[in-house]
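The structure appears below as structure tokens.
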Number of protein chains: 2
Amino acid sequence: MPFRIKIPRSTIDRLPLYYRCLNLIEEHGIEEISSQVLGVRVGVDPSVIRKDLAWFGELGKRGVGYNVTYLKEAIGRILGLDKEWPFILVGAGKLGMALAEHNRKYGRHFHLVGVFDRDPEKFGLMVGGQQVSPMEEMPAFVKEKDIKIAMLAVPAEEAQKVAHELVKCGIKGILSYAPITLSVPEDVLVYNADYNLDLQRLAYYLSNDGNISWGE
Amino acid sequence: MPFRIKIPRSTIDRLPLYYRCLNLIEEHGIEEISSQVLGVRVGVDPSVIRKDLAWFGELGKRGVGYNVTYLKEAIGRILGLDKEWPFILVGAGKLGMALAEHNRKYGRHFHLVGVFDRDPEKFGLMVGGQQVSPMEEMPAFVKEKDIKIAMLAVPAEEAQKVAHELVKCGIKGILSYAPITLSVPEDVLVYNADYNLDLQRLAYYLSNDGNISWGE
DNA sequence: TGGTTTTTGTTATAATTAAAACCAGAATAA
DNA sequence: TTATTCTGGTTTTAATTATAACAAAAACCA
């Protein structure tokens, strides 16, 4: 009787941080690492790290620590990085193009398989190793190749409409650079990559040092 | 006797979401909005919205709702968007250039005032309305103009070193596109804009639907 | 070998955050 | 005017998440 346990969202949010860090540590030829040392590297309390990892079994060895390569690969499998994820890009503007090129150079586990845009002037352009195709071809493409992930880099006005189209043809995860909150069904995940959100949060903390004051 | 209250981090994280949404709503000519309706638009429980806003005084009117323009401007002031924030970009690669151009077109409240790179081939290039300057000129520039925010778009190998330099000349907030966890003093804020983190989180949820299963 | 140190996995406690319930103004309509 | 309906602010309760404490392996050392 298989049973299922819900992993805390905050744990999942941290796994990529660990993964990224472990890759670097592995490249440096280090074989073992303690939660203590890893904690300093990723800026997370060691006991939080241990608890996060314990959700997925006994990944370390008491008295010793974690084997860097083993842990890295274990987290990779947990995240689903043992397979390659194809994804599409919608919106071949300057930002979209740069993201695609960047992915081509640095992307691991995720590879761009199609780029779509509405503007006929863009058709045929090479972006991230792919030719830009008209938006009309997107649904058939996504369905046929069973693609689950899309990057969205279109203007705000178009974003919601495009998101709707993406969902309709089976996309389940959207990384959106559009400056709006997308409305999607419950089983579709949206991550907001609009950097203005982060800049504004920065501005808050820089303005009033994390507090608000009033009174006399 | 002025006193200070700490606002929950989660509240601050949501304010930009509200702000972004209110701008859109305002453009549509809507003057009043209830926490209920706003909640649907931003995907947040109405009671959470009310509690978030209540930290900053009585921003709404019972039986009526919130005045869109008034609320938008109040949140703007809370976030510190009543002033313009100058920032610099370090790293004039493809990604950095695209971000700068994007900001030039869509950026509000944050304006790029300097671009720096180590590569002499980049010097003098126009990026986001600014000439690329050699990295050596950064410290004097930042100190003189009292700049607090930097965007970091350099390769992983350089990122930590650059972050250290930035901190040394007074930068207090970094929006980093580098795929590493930066180590900075406590009073410096770093936001991670490396989209691979989000892609990996997406991959997790798409892989196992938010759960992990094992057993017989 | 036995005791000491290290470090994990686990449990217990505390802090934070979200959700629900409820009260008090404000508008509306009979 | 008065009852009714809305809706924001406040308080209470519940859920989530982080921190601290500790017991169980593993290595190390005299």
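Chain lettering (A, B, ...) mirrors the order of the structure tokens, residue numbering begins at 1 for each chain separately, and ligand numbering begins at 1 in order of display.
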Residues within 12 Å of B:Ile25, please, as a list in words. Count only C-alpha atoms (C1' of nucleotides); anything in the same chain fewer than 4 positions from it doesn't count.
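Listed by chain and then number, they are Ile180 and Thr181 of chain A; Tyr18, Tyr19, Arg20, Cys21, Gly29, Ile30, Glu31, Glu32, Ile33, Ser34, Val37, Leu38, Arg41, Val42, Tyr66, Asn67, Val68, Thr69, Leu71 and Lys72 of chain B.
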Shell of 12 Å around A:Cys169, only C-alpha atoms (C1' of nucleotides), local chain residues under 5 positions omitted, as JSON, numbers by chain
{"A": [136, 137, 138, 139, 140, 141, 142, 143, 144, 145, 146, 147, 148, 149, 150, 162, 163, 164, 188]}
Which one is closest to chain D: A:Arg108, A:Lys83, A:Arg62, A:Lys122? Count only C-alpha atoms (C1' of nucleotides).
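Among A:Arg108, A:Lys83, A:Arg62, A:Lys122, it is A:Arg62 that comes nearest to chain D.
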Pairing every Cα of chain B with chain A in order, what RMSD remains after the least-squares superposition?
0.1 Å
Select from chain C every residue with an atom at most 9 Å from any atom of chain A, then for each give the shortest pair of atoms and their distance in Å to one decimal, using only C-alpha atoms (C1' of nucleotides), rows by chain and rising number, as a tab-separated table.
residue	atom	partner	partner_atom	distance
C:DT5	C1'	A:Gly63	CA	8.7
C:DT6	C1'	A:Gly63	CA	4.8
C:DT7	C1'	A:Gly63	CA	4.0
C:DT8	C1'	A:Arg62	CA	4.1
C:DG9	C1'	A:Ala54	CA	6.8
C:DT10	C1'	A:Lys51	CA	8.8
Just write the chosen residues, all heavy atoms, as a tab-separated table (two decimals), in the first residue's frame.
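Dumped everything to result36.tsv:
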chain	number	residue	atom	x	y	z
C	5	DT	P	35.93	14.88	24.23
C	5	DT	OP1	36.86	16.01	24.49
C	5	DT	OP2	34.62	14.80	24.90
C	5	DT	O5'	35.71	14.80	22.65
C	5	DT	C5'	36.82	14.51	21.81
C	5	DT	C4'	36.34	14.41	20.37
C	5	DT	O4'	35.61	13.17	20.20
C	5	DT	C3'	35.40	15.53	19.94
C	5	DT	O3'	35.86	16.05	18.70
C	5	DT	C2'	34.04	14.86	19.81
C	5	DT	C1'	34.43	13.42	19.47
C	5	DT	N1	33.45	12.39	19.86
C	5	DT	C2	33.10	11.41	18.95
C	5	DT	O2	33.56	11.37	17.83
C	5	DT	N3	32.20	10.49	19.40
C	5	DT	C4	31.61	10.44	20.64
C	5	DT	O4	30.81	9.55	20.93
C	5	DT	C5	32.01	11.48	21.56
C	5	DT	C7	31.42	11.53	22.94
C	5	DT	C6	32.90	12.40	21.13
C	6	DT	P	35.19	17.34	18.08
C	6	DT	OP1	36.29	18.13	17.46
C	6	DT	OP2	34.27	17.93	19.07
C	6	DT	O5'	34.33	16.74	16.89
C	6	DT	C5'	34.95	15.88	15.94
C	6	DT	C4'	33.88	15.19	15.12
C	6	DT	O4'	33.17	14.23	15.94
C	6	DT	C3'	32.82	16.13	14.55
C	6	DT	O3'	32.87	16.02	13.15
C	6	DT	C2'	31.49	15.60	15.11
C	6	DT	C1'	31.84	14.18	15.50
C	6	DT	N1	31.02	13.59	16.61
C	6	DT	C2	30.40	12.40	16.38
C	6	DT	O2	30.45	11.79	15.34
C	6	DT	N3	29.68	11.92	17.46
C	6	DT	C4	29.55	12.51	18.70
C	6	DT	O4	28.89	11.99	19.58
C	6	DT	C5	30.24	13.76	18.87
C	6	DT	C7	30.17	14.49	20.17
C	6	DT	C6	30.94	14.24	17.82
C	7	DT	P	32.17	17.09	12.23
C	7	DT	OP1	32.89	17.12	10.95
C	7	DT	OP2	31.94	18.33	13.00
C	7	DT	O5'	30.75	16.40	12.00
C	7	DT	C5'	30.70	15.18	11.28
C	7	DT	C4'	29.29	14.66	11.35
C	7	DT	O4'	29.04	14.14	12.69
C	7	DT	C3'	28.21	15.72	11.11
C	7	DT	O3'	27.26	15.25	10.19
C	7	DT	C2'	27.57	15.90	12.46
C	7	DT	C1'	27.73	14.48	13.02
C	7	DT	N1	27.52	14.38	14.47
C	7	DT	C2	26.91	13.24	14.96
C	7	DT	O2	26.57	12.31	14.25
C	7	DT	N3	26.70	13.23	16.30
C	7	DT	C4	27.03	14.22	17.20
C	7	DT	O4	26.79	14.08	18.39
C	7	DT	C5	27.67	15.38	16.65
C	7	DT	C7	28.05	16.51	17.53
C	7	DT	C6	27.87	15.41	15.31
C	8	DT	P	26.20	16.20	9.55
C	8	DT	OP1	26.69	16.66	8.24
C	8	DT	OP2	25.77	17.19	10.55
C	8	DT	O5'	25.02	15.16	9.33
C	8	DT	C5'	25.28	13.89	8.73
C	8	DT	C4'	24.44	12.83	9.45
C	8	DT	O4'	24.68	12.94	10.87
C	8	DT	C3'	22.95	12.99	9.24
C	8	DT	O3'	22.44	11.86	8.57
C	8	DT	C2'	22.36	13.12	10.64
C	8	DT	C1'	23.48	12.71	11.56
C	8	DT	N1	23.53	13.49	12.83
C	8	DT	C2	23.08	12.90	13.99
C	8	DT	O2	22.62	11.78	14.03
C	8	DT	N3	23.18	13.70	15.11
C	8	DT	C4	23.70	14.98	15.19
C	8	DT	O4	23.74	15.58	16.25
C	8	DT	C5	24.16	15.53	13.93
C	8	DT	C7	24.71	16.91	13.91
C	8	DT	C6	24.05	14.78	12.83
C	9	DG	P	21.03	11.92	7.82
C	9	DG	OP1	21.00	10.84	6.82
C	9	DG	OP2	20.79	13.30	7.41
C	9	DG	O5'	20.03	11.55	8.99
C	9	DG	C5'	19.92	10.20	9.42
C	9	DG	C4'	18.96	10.10	10.60
C	9	DG	O4'	19.43	10.98	11.65
C	9	DG	C3'	17.53	10.54	10.29
C	9	DG	O3'	16.67	9.57	10.88
C	9	DG	C2'	17.41	11.92	10.95
C	9	DG	C1'	18.38	11.80	12.12
C	9	DG	N9	19.00	13.04	12.58
C	9	DG	C8	19.59	14.01	11.81
C	9	DG	N7	20.08	15.01	12.51
C	9	DG	C5	19.80	14.67	13.82
C	9	DG	C6	20.09	15.37	15.03
C	9	DG	O6	20.67	16.45	15.18
C	9	DG	N1	19.63	14.67	16.15
C	9	DG	C2	18.98	13.46	16.10
C	9	DG	N2	18.61	12.95	17.27
C	9	DG	N3	18.70	12.80	14.98
C	9	DG	C4	19.14	13.46	13.88
C	10	DT	P	15.12	9.68	10.79
C	10	DT	OP1	14.57	8.31	10.75
C	10	DT	OP2	14.79	10.65	9.73
C	10	DT	O5'	14.76	10.30	12.21
C	10	DT	C5'	15.28	9.69	13.38
C	10	DT	C4'	14.76	10.40	14.61
C	10	DT	O4'	15.55	11.59	14.85
C	10	DT	C3'	13.31	10.86	14.54
C	10	DT	O3'	12.69	10.49	15.75
C	10	DT	C2'	13.41	12.38	14.43
C	10	DT	C1'	14.70	12.66	15.19
C	10	DT	N1	15.41	13.91	14.83
C	10	DT	C2	15.82	14.75	15.84
C	10	DT	O2	15.62	14.52	17.01
C	10	DT	N3	16.48	15.87	15.42
C	10	DT	C4	16.77	16.25	14.13
C	10	DT	O4	17.37	17.28	13.87
C	10	DT	C5	16.31	15.33	13.11
C	10	DT	C7	16.56	15.62	11.67
C	10	DT	C6	15.65	14.22	13.50
Report as a tab-separated table (two decimals) with all heavy atoms, in the first residue's frame: the residues of stretch 105-201 of chain B with a DSSP assignment of alpha helix (DSSP H), based on the backbone of this structure.
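Saved to states_14.tsv:
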chain	number	residue	atom	x	y	z
B	105	LYS	N	12.97	50.41	-20.98
B	105	LYS	CA	11.66	50.48	-21.60
B	105	LYS	C	10.54	50.40	-20.54
B	105	LYS	O	9.58	51.15	-20.60
B	105	LYS	CB	11.52	49.32	-22.59
B	105	LYS	CG	10.55	49.57	-23.72
B	105	LYS	CD	10.74	48.52	-24.81
B	105	LYS	CE	9.55	48.44	-25.75
B	105	LYS	NZ	9.66	47.28	-26.66
B	106	TYR	N	10.69	49.47	-19.61
B	106	TYR	CA	9.59	49.20	-18.70
B	106	TYR	C	9.84	49.60	-17.25
B	106	TYR	O	8.94	49.51	-16.42
B	106	TYR	CB	9.25	47.70	-18.74
B	106	TYR	CG	8.81	47.21	-20.08
B	106	TYR	CD1	9.64	46.43	-20.88
B	106	TYR	CD2	7.54	47.53	-20.57
B	106	TYR	CE1	9.24	45.98	-22.13
B	106	TYR	CE2	7.13	47.08	-21.81
B	106	TYR	CZ	7.98	46.30	-22.59
B	106	TYR	OH	7.58	45.86	-23.81
B	138	MET	N	34.18	51.58	-10.95
B	138	MET	CA	32.96	51.37	-10.19
B	138	MET	C	32.99	51.95	-8.78
B	138	MET	O	32.08	52.70	-8.40
B	138	MET	CB	32.61	49.87	-10.17
B	138	MET	CG	31.31	49.49	-9.53
B	138	MET	SD	31.44	49.27	-7.75
B	138	MET	CE	32.36	47.74	-7.67
B	139	PRO	N	33.99	51.64	-7.97
B	139	PRO	CA	33.97	52.11	-6.57
B	139	PRO	C	33.77	53.61	-6.43
B	139	PRO	O	32.88	54.05	-5.69
B	139	PRO	CB	35.34	51.67	-6.06
B	139	PRO	CG	35.70	50.48	-6.88
B	139	PRO	CD	35.17	50.80	-8.25
B	140	ALA	N	34.56	54.38	-7.15
B	140	ALA	CA	34.44	55.84	-7.04
B	140	ALA	C	33.05	56.29	-7.45
B	140	ALA	O	32.42	57.13	-6.79
B	140	ALA	CB	35.49	56.51	-7.92
B	141	PHE	N	32.56	55.70	-8.53
B	141	PHE	CA	31.23	56.05	-9.05
B	141	PHE	C	30.13	55.80	-8.02
B	141	PHE	O	29.30	56.66	-7.74
B	141	PHE	CB	30.98	55.23	-10.32
B	141	PHE	CG	29.73	55.59	-11.07
B	141	PHE	CD1	29.75	56.57	-12.05
B	141	PHE	CD2	28.54	54.93	-10.79
B	141	PHE	CE1	28.59	56.88	-12.75
B	141	PHE	CE2	27.37	55.25	-11.49
B	141	PHE	CZ	27.41	56.23	-12.47
B	142	VAL	N	30.15	54.61	-7.47
B	142	VAL	CA	29.12	54.21	-6.50
B	142	VAL	C	29.18	55.07	-5.25
B	142	VAL	O	28.15	55.53	-4.73
B	142	VAL	CB	29.26	52.72	-6.13
B	142	VAL	CG1	28.42	52.37	-4.91
B	142	VAL	CG2	28.86	51.85	-7.31
B	143	LYS	N	30.38	55.31	-4.78
B	143	LYS	CA	30.52	56.13	-3.57
B	143	LYS	C	30.06	57.55	-3.82
B	143	LYS	O	29.28	58.11	-3.05
B	143	LYS	CB	31.99	56.12	-3.12
B	143	LYS	CG	32.35	54.87	-2.31
B	143	LYS	CD	33.84	54.88	-1.94
B	143	LYS	CE	34.34	53.48	-1.60
B	143	LYS	NZ	35.80	53.33	-1.83
B	144	GLU	N	30.51	58.12	-4.91
B	144	GLU	CA	30.19	59.51	-5.20
B	144	GLU	C	28.69	59.73	-5.33
B	144	GLU	O	28.13	60.67	-4.78
B	144	GLU	CB	30.89	59.94	-6.50
B	144	GLU	CG	30.94	61.45	-6.66
B	144	GLU	CD	30.84	61.85	-8.13
B	144	GLU	OE1	31.47	61.15	-8.98
B	144	GLU	OE2	30.13	62.82	-8.42
B	145	LYS	N	28.05	58.81	-6.05
B	145	LYS	CA	26.61	59.00	-6.29
B	145	LYS	C	25.76	58.34	-5.21
B	145	LYS	O	24.53	58.35	-5.29
B	145	LYS	CB	26.25	58.41	-7.66
B	145	LYS	CG	27.08	58.99	-8.80
B	145	LYS	CD	26.26	59.14	-10.05
B	145	LYS	CE	27.00	60.03	-11.04
B	145	LYS	NZ	26.31	60.23	-12.28
B	156	ALA	N	29.57	32.84	-12.84
B	156	ALA	CA	29.65	32.32	-11.48
B	156	ALA	C	31.02	32.55	-10.85
B	156	ALA	O	31.12	32.95	-9.68
B	156	ALA	CB	29.32	30.84	-11.49
B	157	GLU	N	32.06	32.33	-11.63
B	157	GLU	CA	33.42	32.42	-11.09
B	157	GLU	C	33.72	33.81	-10.53
B	157	GLU	O	34.45	33.95	-9.55
B	157	GLU	CB	34.47	32.09	-12.17
B	157	GLU	CG	34.23	30.81	-12.92
B	157	GLU	CD	33.18	30.98	-14.02
B	157	GLU	OE1	33.38	31.79	-14.92
B	157	GLU	OE2	32.14	30.27	-13.92
B	158	GLU	N	33.19	34.82	-11.19
B	158	GLU	CA	33.49	36.19	-10.78
B	158	GLU	C	32.55	36.74	-9.72
B	158	GLU	O	32.88	37.68	-9.01
B	158	GLU	CB	33.39	37.12	-12.00
B	158	GLU	CG	34.57	37.07	-12.94
B	158	GLU	CD	34.47	38.22	-13.93
B	158	GLU	OE1	34.40	39.37	-13.49
B	158	GLU	OE2	34.44	37.94	-15.14
B	159	ALA	N	31.37	36.14	-9.66
B	159	ALA	CA	30.27	36.76	-8.90
B	159	ALA	C	30.62	37.08	-7.45
B	159	ALA	O	30.38	38.19	-6.97
B	159	ALA	CB	29.03	35.88	-8.96
B	160	GLN	N	31.21	36.12	-6.76
B	160	GLN	CA	31.50	36.36	-5.34
B	160	GLN	C	32.49	37.51	-5.16
B	160	GLN	O	32.32	38.34	-4.28
B	160	GLN	CB	32.02	35.08	-4.68
B	160	GLN	CG	32.36	35.26	-3.22
B	160	GLN	CD	31.15	35.70	-2.39
B	160	GLN	OE1	30.18	34.99	-2.24
B	160	GLN	NE2	31.20	36.92	-1.86
B	161	LYS	N	33.48	37.52	-6.01
B	161	LYS	CA	34.48	38.58	-5.92
B	161	LYS	C	33.84	39.95	-6.16
B	161	LYS	O	34.07	40.91	-5.41
B	161	LYS	CB	35.59	38.33	-6.96
B	161	LYS	CG	36.83	39.17	-6.75
B	161	LYS	CD	37.89	38.88	-7.82
B	161	LYS	CE	38.92	39.99	-7.84
B	161	LYS	NZ	39.53	40.16	-9.18
B	162	VAL	N	33.03	40.02	-7.19
B	162	VAL	CA	32.36	41.29	-7.51
B	162	VAL	C	31.44	41.70	-6.37
B	162	VAL	O	31.40	42.87	-5.98
B	162	VAL	CB	31.56	41.17	-8.83
B	162	VAL	CG1	30.72	42.40	-9.04
B	162	VAL	CG2	32.51	40.95	-10.00
B	163	ALA	N	30.71	40.74	-5.82
B	163	ALA	CA	29.80	41.05	-4.72
B	163	ALA	C	30.57	41.69	-3.57
B	163	ALA	O	30.12	42.67	-2.96
B	163	ALA	CB	29.10	39.78	-4.25
B	164	HIS	N	31.71	41.13	-3.30
B	164	HIS	CA	32.55	41.66	-2.23
B	164	HIS	C	32.95	43.11	-2.51
B	164	HIS	O	32.85	43.98	-1.63
B	164	HIS	CB	33.79	40.78	-2.09
B	164	HIS	CG	34.62	41.12	-0.90
B	164	HIS	ND1	34.19	40.90	0.39
B	164	HIS	CD2	35.84	41.70	-0.80
B	164	HIS	CE1	35.11	41.32	1.23
B	164	HIS	NE2	36.13	41.81	0.54
B	165	GLU	N	33.35	43.36	-3.73
B	165	GLU	CA	33.71	44.74	-4.12
B	165	GLU	C	32.54	45.69	-3.98
B	165	GLU	O	32.68	46.82	-3.51
B	165	GLU	CB	34.22	44.78	-5.57
B	165	GLU	CG	35.56	44.09	-5.79
B	165	GLU	CD	35.94	44.07	-7.27
B	165	GLU	OE1	35.82	45.12	-7.92
B	165	GLU	OE2	36.33	42.99	-7.77
B	166	LEU	N	31.38	45.23	-4.42
B	166	LEU	CA	30.18	46.06	-4.35
B	166	LEU	C	29.88	46.45	-2.91
B	166	LEU	O	29.61	47.61	-2.60
B	166	LEU	CB	28.98	45.31	-4.93
B	166	LEU	CG	28.98	45.12	-6.45
B	166	LEU	CD1	27.90	44.12	-6.87
B	166	LEU	CD2	28.77	46.45	-7.15
B	167	VAL	N	29.93	45.45	-2.04
B	167	VAL	CA	29.65	45.70	-0.64
B	167	VAL	C	30.64	46.71	-0.06
B	167	VAL	O	30.26	47.61	0.68
B	167	VAL	CB	29.71	44.38	0.16
B	167	VAL	CG1	29.70	44.65	1.66
B	167	VAL	CG2	28.55	43.48	-0.23
B	168	LYS	N	31.87	46.56	-0.47
B	168	LYS	CA	32.92	47.41	0.07
B	168	LYS	C	32.70	48.88	-0.25
B	168	LYS	O	33.08	49.75	0.52
B	168	LYS	CB	34.28	46.96	-0.47
B	168	LYS	CG	35.38	47.00	0.57
B	168	LYS	CD	36.64	46.29	0.14
B	168	LYS	CE	37.28	46.87	-1.10
B	168	LYS	NZ	38.47	46.11	-1.55
B	195	TYR	N	17.23	31.99	-12.84
B	195	TYR	CA	15.97	31.31	-13.14
B	195	TYR	C	16.06	29.80	-13.08
B	195	TYR	O	15.03	29.11	-13.06
B	195	TYR	CB	15.39	31.76	-14.48
B	195	TYR	CG	16.25	31.44	-15.67
B	195	TYR	CD1	16.30	30.15	-16.19
B	195	TYR	CD2	16.99	32.42	-16.30
B	195	TYR	CE1	17.09	29.86	-17.29
B	195	TYR	CE2	17.77	32.13	-17.39
B	195	TYR	CZ	17.82	30.85	-17.87
B	195	TYR	OH	18.60	30.55	-18.96
B	196	ASN	N	17.27	29.26	-13.05
B	196	ASN	CA	17.38	27.81	-12.93
B	196	ASN	C	16.79	27.30	-11.61
B	196	ASN	O	16.27	26.19	-11.56
B	196	ASN	CB	18.84	27.37	-13.06
B	196	ASN	CG	19.22	27.16	-14.50
B	196	ASN	OD1	18.71	26.27	-15.16
B	196	ASN	ND2	20.09	28.03	-15.01
B	197	LEU	N	16.87	28.13	-10.59
B	197	LEU	CA	16.26	27.74	-9.32
B	197	LEU	C	14.77	27.49	-9.51
B	197	LEU	O	14.24	26.46	-9.07
B	197	LEU	CB	16.49	28.84	-8.28
B	197	LEU	CG	17.94	29.16	-7.92
B	197	LEU	CD1	18.01	30.35	-6.99
B	197	LEU	CD2	18.61	27.94	-7.27
B	198	ASP	N	14.11	28.41	-10.15
B	198	ASP	CA	12.67	28.26	-10.37
B	198	ASP	C	12.35	27.10	-11.30
B	198	ASP	O	11.39	26.36	-11.09
B	198	ASP	CB	12.08	29.56	-10.93
B	198	ASP	CG	11.86	30.60	-9.84
B	198	ASP	OD1	11.75	30.21	-8.67
B	198	ASP	OD2	11.80	31.79	-10.18
B	199	LEU	N	13.16	26.94	-12.33
B	199	LEU	CA	12.93	25.81	-13.24
B	199	LEU	C	13.04	24.49	-12.48
B	199	LEU	O	12.24	23.57	-12.70
B	199	LEU	CB	13.94	25.84	-14.39
B	199	LEU	CG	13.68	26.83	-15.52
B	199	LEU	CD1	14.78	26.74	-16.57
B	199	LEU	CD2	12.32	26.59	-16.16
B	200	GLN	N	14.00	24.40	-11.59
B	200	GLN	CA	14.18	23.15	-10.84
B	200	GLN	C	13.02	22.90	-9.88
B	200	GLN	O	12.59	21.77	-9.69
B	200	GLN	CB	15.52	23.17	-10.10
B	200	GLN	CG	16.70	23.12	-11.07
B	200	GLN	CD	18.04	23.23	-10.38
B	200	GLN	OE1	18.15	23.20	-9.16
B	200	GLN	NE2	19.11	23.37	-11.18
B	201	ARG	N	12.52	23.98	-9.29
B	201	ARG	CA	11.35	23.83	-8.41
B	201	ARG	C	10.16	23.35	-9.24
B	201	ARG	O	9.43	22.45	-8.84
B	201	ARG	CB	11.03	25.16	-7.73
B	201	ARG	CG	12.03	25.50	-6.65
B	201	ARG	CD	11.98	26.98	-6.24
B	201	ARG	NE	13.14	27.31	-5.44
B	201	ARG	CZ	13.71	28.51	-5.38
B	201	ARG	NH1	13.20	29.52	-6.07
B	201	ARG	NH2	14.77	28.72	-4.64
If we count only C-alpha atoms (C1' of nucleotides), which residues of chain D reach to within 9 Å of chain B? Please list them as number ranges by chain.
D: 5-10
Between chain B and chain A, at 8 Å or less, what are the per-residue closest atom pairs and their distances in Å? Count only C-alpha atoms, order by chain and rising residue number, and return it as CSV.
residue,atom,partner,partner_atom,distance
B:Met1,CA,A:Glu216,CA,5.2
B:Pro2,CA,A:Gly215,CA,5.1
B:Phe3,CA,A:Ser213,CA,5.7
B:Arg4,CA,A:Ser213,CA,4.6
B:Ile5,CA,A:Asn211,CA,5.7
B:Lys6,CA,A:Asn211,CA,4.8
B:Ile7,CA,A:Asn211,CA,6.1
B:Ile12,CA,A:Arg201,CA,6.7
B:Asp13,CA,A:Arg201,CA,6.4
B:Pro16,CA,A:Leu197,CA,5.6
B:Leu17,CA,A:Leu197,CA,7.2
B:Arg20,CA,A:Ile180,CA,6.7
B:Cys21,CA,A:Ile180,CA,6.8
B:Arg41,CA,A:Thr181,CA,7.1
B:Val42,CA,A:Thr181,CA,5.8
B:Gly43,CA,A:Thr181,CA,7.8
B:Ile78,CA,A:Tyr204,CA,6.9
B:Leu79,CA,A:Tyr204,CA,4.3
B:Gly80,CA,A:Tyr204,CA,5.6
B:Leu81,CA,A:Ala203,CA,7.3
B:Trp85,CA,A:Ala203,CA,7.9
B:Lys94,CA,A:Ala98,CA,5.8
B:Leu95,CA,A:Ala98,CA,5.3
B:Ala98,CA,A:Leu95,CA,5.3
B:Leu99,CA,A:Leu95,CA,6.7
B:Glu101,CA,A:Lys94,CA,7.9
B:His102,CA,A:Leu95,CA,6.8
B:Gly107,CA,A:Asn196,CA,7.6
B:Phe110,CA,A:Leu199,CA,7.9
B:Lys148,CA,A:Leu206,CA,8.0
B:Lys172,CA,A:Leu206,CA,7.3
B:Gly173,CA,A:Leu202,CA,6.2
B:Leu175,CA,A:Leu199,CA,7.3
B:Pro179,CA,A:Arg20,CA,7.2
B:Ile180,CA,A:Arg20,CA,6.7
B:Thr181,CA,A:Val42,CA,5.8
B:Ser183,CA,A:Arg41,CA,7.6
B:Leu189,CA,A:Leu202,CA,7.2
B:Tyr191,CA,A:Asp198,CA,6.7
B:Ala193,CA,A:Tyr195,CA,7.3
B:Tyr195,CA,A:Ala193,CA,7.3
B:Asn196,CA,A:Gly107,CA,7.6
B:Leu197,CA,A:Pro16,CA,5.5
B:Asp198,CA,A:Tyr191,CA,6.7
B:Leu199,CA,A:Leu175,CA,7.3
B:Gln200,CA,A:Pro16,CA,6.3
B:Arg201,CA,A:Asp13,CA,6.4
B:Leu202,CA,A:Gly173,CA,6.2
B:Ala203,CA,A:Gly80,CA,5.8
B:Tyr204,CA,A:Leu79,CA,4.3
B:Tyr205,CA,A:Leu79,CA,8.0
B:Leu206,CA,A:Lys172,CA,7.3
B:Ser207,CA,A:Gly80,CA,5.7
B:Gly210,CA,A:Lys6,CA,6.6
B:Asn211,CA,A:Lys6,CA,4.9
B:Ile212,CA,A:Arg4,CA,5.7
B:Ser213,CA,A:Arg4,CA,4.6
B:Trp214,CA,A:Pro2,CA,5.8
B:Gly215,CA,A:Pro2,CA,5.3
B:Glu216,CA,A:Met1,CA,5.0
Run DSSP on the backbone and grab whatever in chain A lands in strand (DSSP E or B); send it over as number ranges by chain.
A: 3-6, 32-33, 61, 65-67, 85-90, 110-117, 126-127, 130-134, 149-152, 173-176, 189-192, 211-214
Can you write out the residues you just picked, keeping C-alpha atoms, as a tab-separated table (two decimals), in the first residue's frame?
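Saved the output as result_37.tsv:
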chain	number	residue	atom	x	y	z
A	3	PHE	CA	1.49	6.08	0.86
A	4	ARG	CA	2.25	9.67	0.15
A	5	ILE	CA	3.71	12.38	2.31
A	6	LYS	CA	3.60	16.05	1.65
A	32	GLU	CA	32.44	14.93	2.14
A	33	ILE	CA	30.54	17.83	3.63
A	61	LYS	CA	26.33	9.14	7.54
A	65	GLY	CA	28.58	14.00	6.95
A	66	TYR	CA	27.23	13.78	3.43
A	67	ASN	CA	29.01	12.39	0.42
A	85	TRP	CA	13.14	18.76	-19.58
A	86	PRO	CA	12.21	20.25	-22.91
A	87	PHE	CA	10.63	23.67	-22.78
A	88	ILE	CA	9.41	26.38	-25.11
A	89	LEU	CA	9.84	30.11	-25.10
A	90	VAL	CA	6.99	32.41	-26.03
A	110	PHE	CA	16.35	22.08	-19.36
A	111	HIS	CA	16.66	22.56	-23.08
A	112	LEU	CA	14.84	24.88	-25.36
A	113	VAL	CA	13.00	23.09	-28.15
A	114	GLY	CA	10.84	25.83	-29.63
A	115	VAL	CA	10.41	29.59	-29.79
A	116	PHE	CA	7.17	31.29	-30.71
A	117	ASP	CA	6.12	34.84	-31.38
A	126	MET	CA	17.53	31.94	-34.76
A	127	VAL	CA	17.06	32.27	-31.02
A	130	GLN	CA	15.86	27.45	-32.49
A	131	GLN	CA	13.99	29.16	-35.28
A	132	VAL	CA	11.21	31.47	-34.22
A	133	SER	CA	7.85	30.05	-35.32
A	134	PRO	CA	4.46	31.71	-35.55
A	149	ILE	CA	7.22	23.85	-19.28
A	150	ALA	CA	7.05	27.27	-20.92
A	151	MET	CA	8.96	30.48	-20.47
A	152	LEU	CA	6.83	33.52	-21.00
A	173	GLY	CA	4.56	25.01	-15.45
A	174	ILE	CA	5.16	28.61	-16.50
A	175	LEU	CA	8.14	30.77	-15.75
A	176	SER	CA	6.77	34.22	-16.38
A	189	LEU	CA	2.29	26.29	-11.55
A	190	VAL	CA	3.48	29.81	-12.23
A	191	TYR	CA	6.76	31.27	-11.08
A	192	ASN	CA	7.16	35.00	-11.27
A	211	ASN	CA	10.61	48.34	10.12
A	212	ILE	CA	8.06	51.03	10.05
A	213	SER	CA	7.99	53.80	12.57
A	214	TRP	CA	5.45	56.34	13.60
Distance of atom CA of B:Ile49 from atom C1' of C:DA26, expressed in Å to one decimal place
20.1 Å
